[in-house]
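Student: The structure is given below, and queries will be raised subsequently.
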Amino acid sequence: MEKFTGSFTQQESIPESGIAAAVDILRSGRLHRYNTAGDEIAQTPMLEEEFAAFTGARYCLALASGGYALATALRALQVCQGAPVLTNAFTLAPVPGAIASMGARPVFIETTPDLTIDFGHLEVMARATGARVLMLSHMRGHICDMDRLMALCDGLGVRVVEDCAHTMGASWNGVPSGRHGVIGCYSTQTYKHINSGEGGLLVTDDAGLAARAILLSGSYMLYSRHRAAPPPEVFQALRLDVPNVSGRMDNLRAAILRPQIALLEERAERWNTLYRTLETGLAQTNGLRLIPRPEAERYVASSFQFTLPGWEPERVAALIARCAARGVELKWFGAPDPVAFTSRYEHWRYAMPTPLPQTDAVLAGLIDMRLPLTFTPEDAAMIARIIRAEVAAVAQGEVGPAAALLMGD
């Protein structure tokens with residue numbers, strides 16, 4: 001019986017040029033983005049300029065985390081305390097967390113079986129609540145029909161903030177993810193497409209929003225040292241009215257990130273090779289449904305999802321346990337309690353969520369798996385064989401006692 005021995009949490013090393021740049025920063029002691037000598041250009045503004053060019057955005061701001069970028073976007077949009085903010089029910093905790101951090105109210109929208117936001121429910125809830133902002137989570141890299149989404153939101157008077165934590169380098173109909181809405185937010189946390197441990201990036205074409213975001217991040221009136229920013233005159237009317245909510249990125253993380261931007265295209269191809277290998281290996285597995293990928297979507301698949309429609313919780317838990325015994329770490333969005341990074345909308349009680357039956361049905365059988373680039377296509381093929389065999393075993397009634405642990409018994 002095959003057993004996988006790779007690590008689902010082991011990332012690739014930082015490029016040597018990033019390590020060298022980081023060491024130079026450490027030797028200089030000038031880690032703060034505004035701590036420069038003479039005409040020196042710091043690593044952080046250079047990162048912003050390079051990422052703006054990569055996405056095609058006019059303005060870019062580097063921040064302390066992806067979640068902080070989301071909260072900064074809402075503050076820049078002047079979302080008020082108590083205001084409803086629409087967002088996907090299928091997302092991760094930092095998204096509703098960013099909304100709640102503003103004192104605003106998350107309004108969860110149903111999820112389709114293809115893991116994207118439900119347009120019909122979105123329209124109903126936008127009209128019912130009067131919400132004027134949608135924080136759209138491209139959760140686990142699945143992009144909805146952005147042309148339809150933007151037409152719907154434009155008609156409703158809803159501004160879109162894109163959470164692109166899982167779609168850096170992806171696109172819809174050739175438009176980069178993060179460039180459809182008024183603001184795009186990205187994460188550079190360890191498990192994302194570029195890695196600085198923690199970090200975030202915000203892009204926009206709106207000069208007023210960019211200026212507000214820069215002031216909010218804690219620019220200390222040093223906004224002229226930004227390169228991917230509006231001209232100084234845009235800041236004049238805002239600089240005494242926008243609070244400092246410090247959350248800047250430092251030069252050390254920027255130095256680590258800059259060489260990784262150039263690697264994104266190559267990384268995307270490698271991730272997608274792993275993804276397609278798993279798709280091929282799991283195709284036509286009885287009881288298992290793969291998630292279709294639209295032709296207009298160019299994805300960057302750093303993770304893999306499938307669903308087990310109609311499976312009882314005990315059977316899903318059995319599959320998780322049996323795969324774990326063979327070295328394959330699967331995450332289950334239907335588990336009764338949050339497990340590490342994996343949780344769902346009903347676990348976020350501070351948001352006072354109402355039941356969403358369609359989403360509940362999807363998440364009940366939703367399985368998630370990381371695909372680190374330390375895996376090879378041969379690894380992915382073995383993982384697919386293990387999952388396929390264990391799905392068949394559980395379907396034949398082989399449950400086992402380990403499943404009880406996942407069910408909280």
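Residues are referred to by chain and number: the chain letter is A, B, ... according to the order shown in the structure tokens, the number counts from 1 in that chain, and ligands are numbered separately from 1 in the order shown.
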Can you tell me which residues surround Phe304 in chain A at a distance of at most 10 Å, considering only C-alpha atoms, apart from same-chain residues fewer than 3 positions away, and format the answer as number ranges by chain?

Tutor: A: 140-141, 274-276, 278-279, 290-291, 301, 330, 367-371

Student: How close does range 17-120 of chain A get to range 342-345 of chain A? List, as a tab-separated table, each residue of range 17-120 of chain A within 7 Å, its nearest atom pair and the distance in Å to one decimal, counting only C-alpha atoms.

Tutor:
residue	atom	partner	partner_atom	distance
A:Ala89	CA	A:Tyr345	CA	5.8
A:Phe90	CA	A:Arg344	CA	6.7
A:Leu92	CA	A:Ser343	CA	6.7

Student: Using only C-alpha atoms, which residues sit within 7 Å of Ser177 in chain A once same-chain residues fewer than 4 positions away are excluded, as a list in words?

Tutor: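 Once the adjacent positions are removed, what remains is Cys164, Thr167, Met168, Gly169, Ala170, Ser171 and Trp172 of chain A.
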
Student: Write out as a ChimeraX atom specification which residues come within 12 Å of Ala380 in chain A when counting only C-alpha atoms, dropping same-chain ones fewer than 5 positions away.

Tutor: /A:4-6,8,270-282,303-304,328,369-375,385-387

Student: Nearest to Asp147 in chain A: which of A:Ala384, A:Phe333, A:Ala37, A:Ala296 is it, counting only C-alpha atoms?

Tutor: A:Ala296

Student: Which range 58-97 of chain A residues have any atom within 9 Å of an atom of range 221-242 of chain A, and for each, what is the nearest pair of atoms with distance in Å to one decimal, counting only C-alpha atoms, rows sorted by chain and number, as a Markdown table?

Tutor:
| residue | atom | partner | partner_atom | distance |
| --- | --- | --- | --- | --- |
| A:Arg58 | CA | A:Ala228 | CA | 6.8 |
| A:Tyr59 | CA | A:Ala228 | CA | 4.8 |
| A:Cys60 | CA | A:Ala228 | CA | 5.4 |
| A:Leu61 | CA | A:Ala228 | CA | 7.5 |

Student: Of the candidates A:Ala317, A:Ile194, A:Ala73, A:Leu149, which shows the shortest atom-to-atom distance to Glu12 in chain A, using only C-alpha atoms?

Tutor: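 For Glu12 in chain A, the nearest of the candidates is A:Ile194.
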
Student: When distances are computed from only C-alpha atoms, which of A:Asn244, A:Ser65, A:Gln189, A:Gln396 shows the smallest separation from Gly287 in chain A?

Tutor: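 Looking at the shortest contact to Gly287 in chain A, the residue is A:Gln396.
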
Student: Report, in Å to a single decimal, how far apart CA of Leu134 in chain A and CA of Val79 in chain A are.

Tutor: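 Computed distance, CA of Val79 in chain A to CA of Leu134 in chain A, equals 11.2 Å.
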
Student: From a DSSP pass on the backbone, collect the residues of range 197-377 of chain A flagged as helix (DSSP H, G or I) and hand them back as JSON, numbers by chain.

Tutor: {"A": [207, 208, 209, 210, 211, 212, 213, 214, 215, 216, 217, 218, 223, 224, 225, 232, 233, 234, 235, 236, 251, 252, 253, 254, 255, 256, 257, 258, 259, 260, 261, 264, 265, 266, 267, 268, 269, 270, 271, 272, 273, 274, 275, 276, 277, 278, 279, 280, 281, 282, 313, 314, 315, 316, 317, 318, 319, 320, 321, 322, 323, 324, 325, 345, 346, 347, 349, 350, 351, 357, 358, 359, 360, 361, 362, 363, 364, 377]}

Student: For Ile117 in chain A, which of A:Ala324, A:Leu136, A:Leu77, A:Ile99 is the closest residue, counting only C-alpha atoms?

Tutor: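 Among the listed residues, the smallest separation from Ile117 in chain A belongs to A:Leu136.
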
Student: Suppose you want the space between CA of Pro313 in chain A and CA of Leu122 in chain A; what is it in Å?

Tutor: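 Spanning CA of Pro313 in chain A to CA of Leu122 in chain A is a straight-line distance of 28.6 Å.
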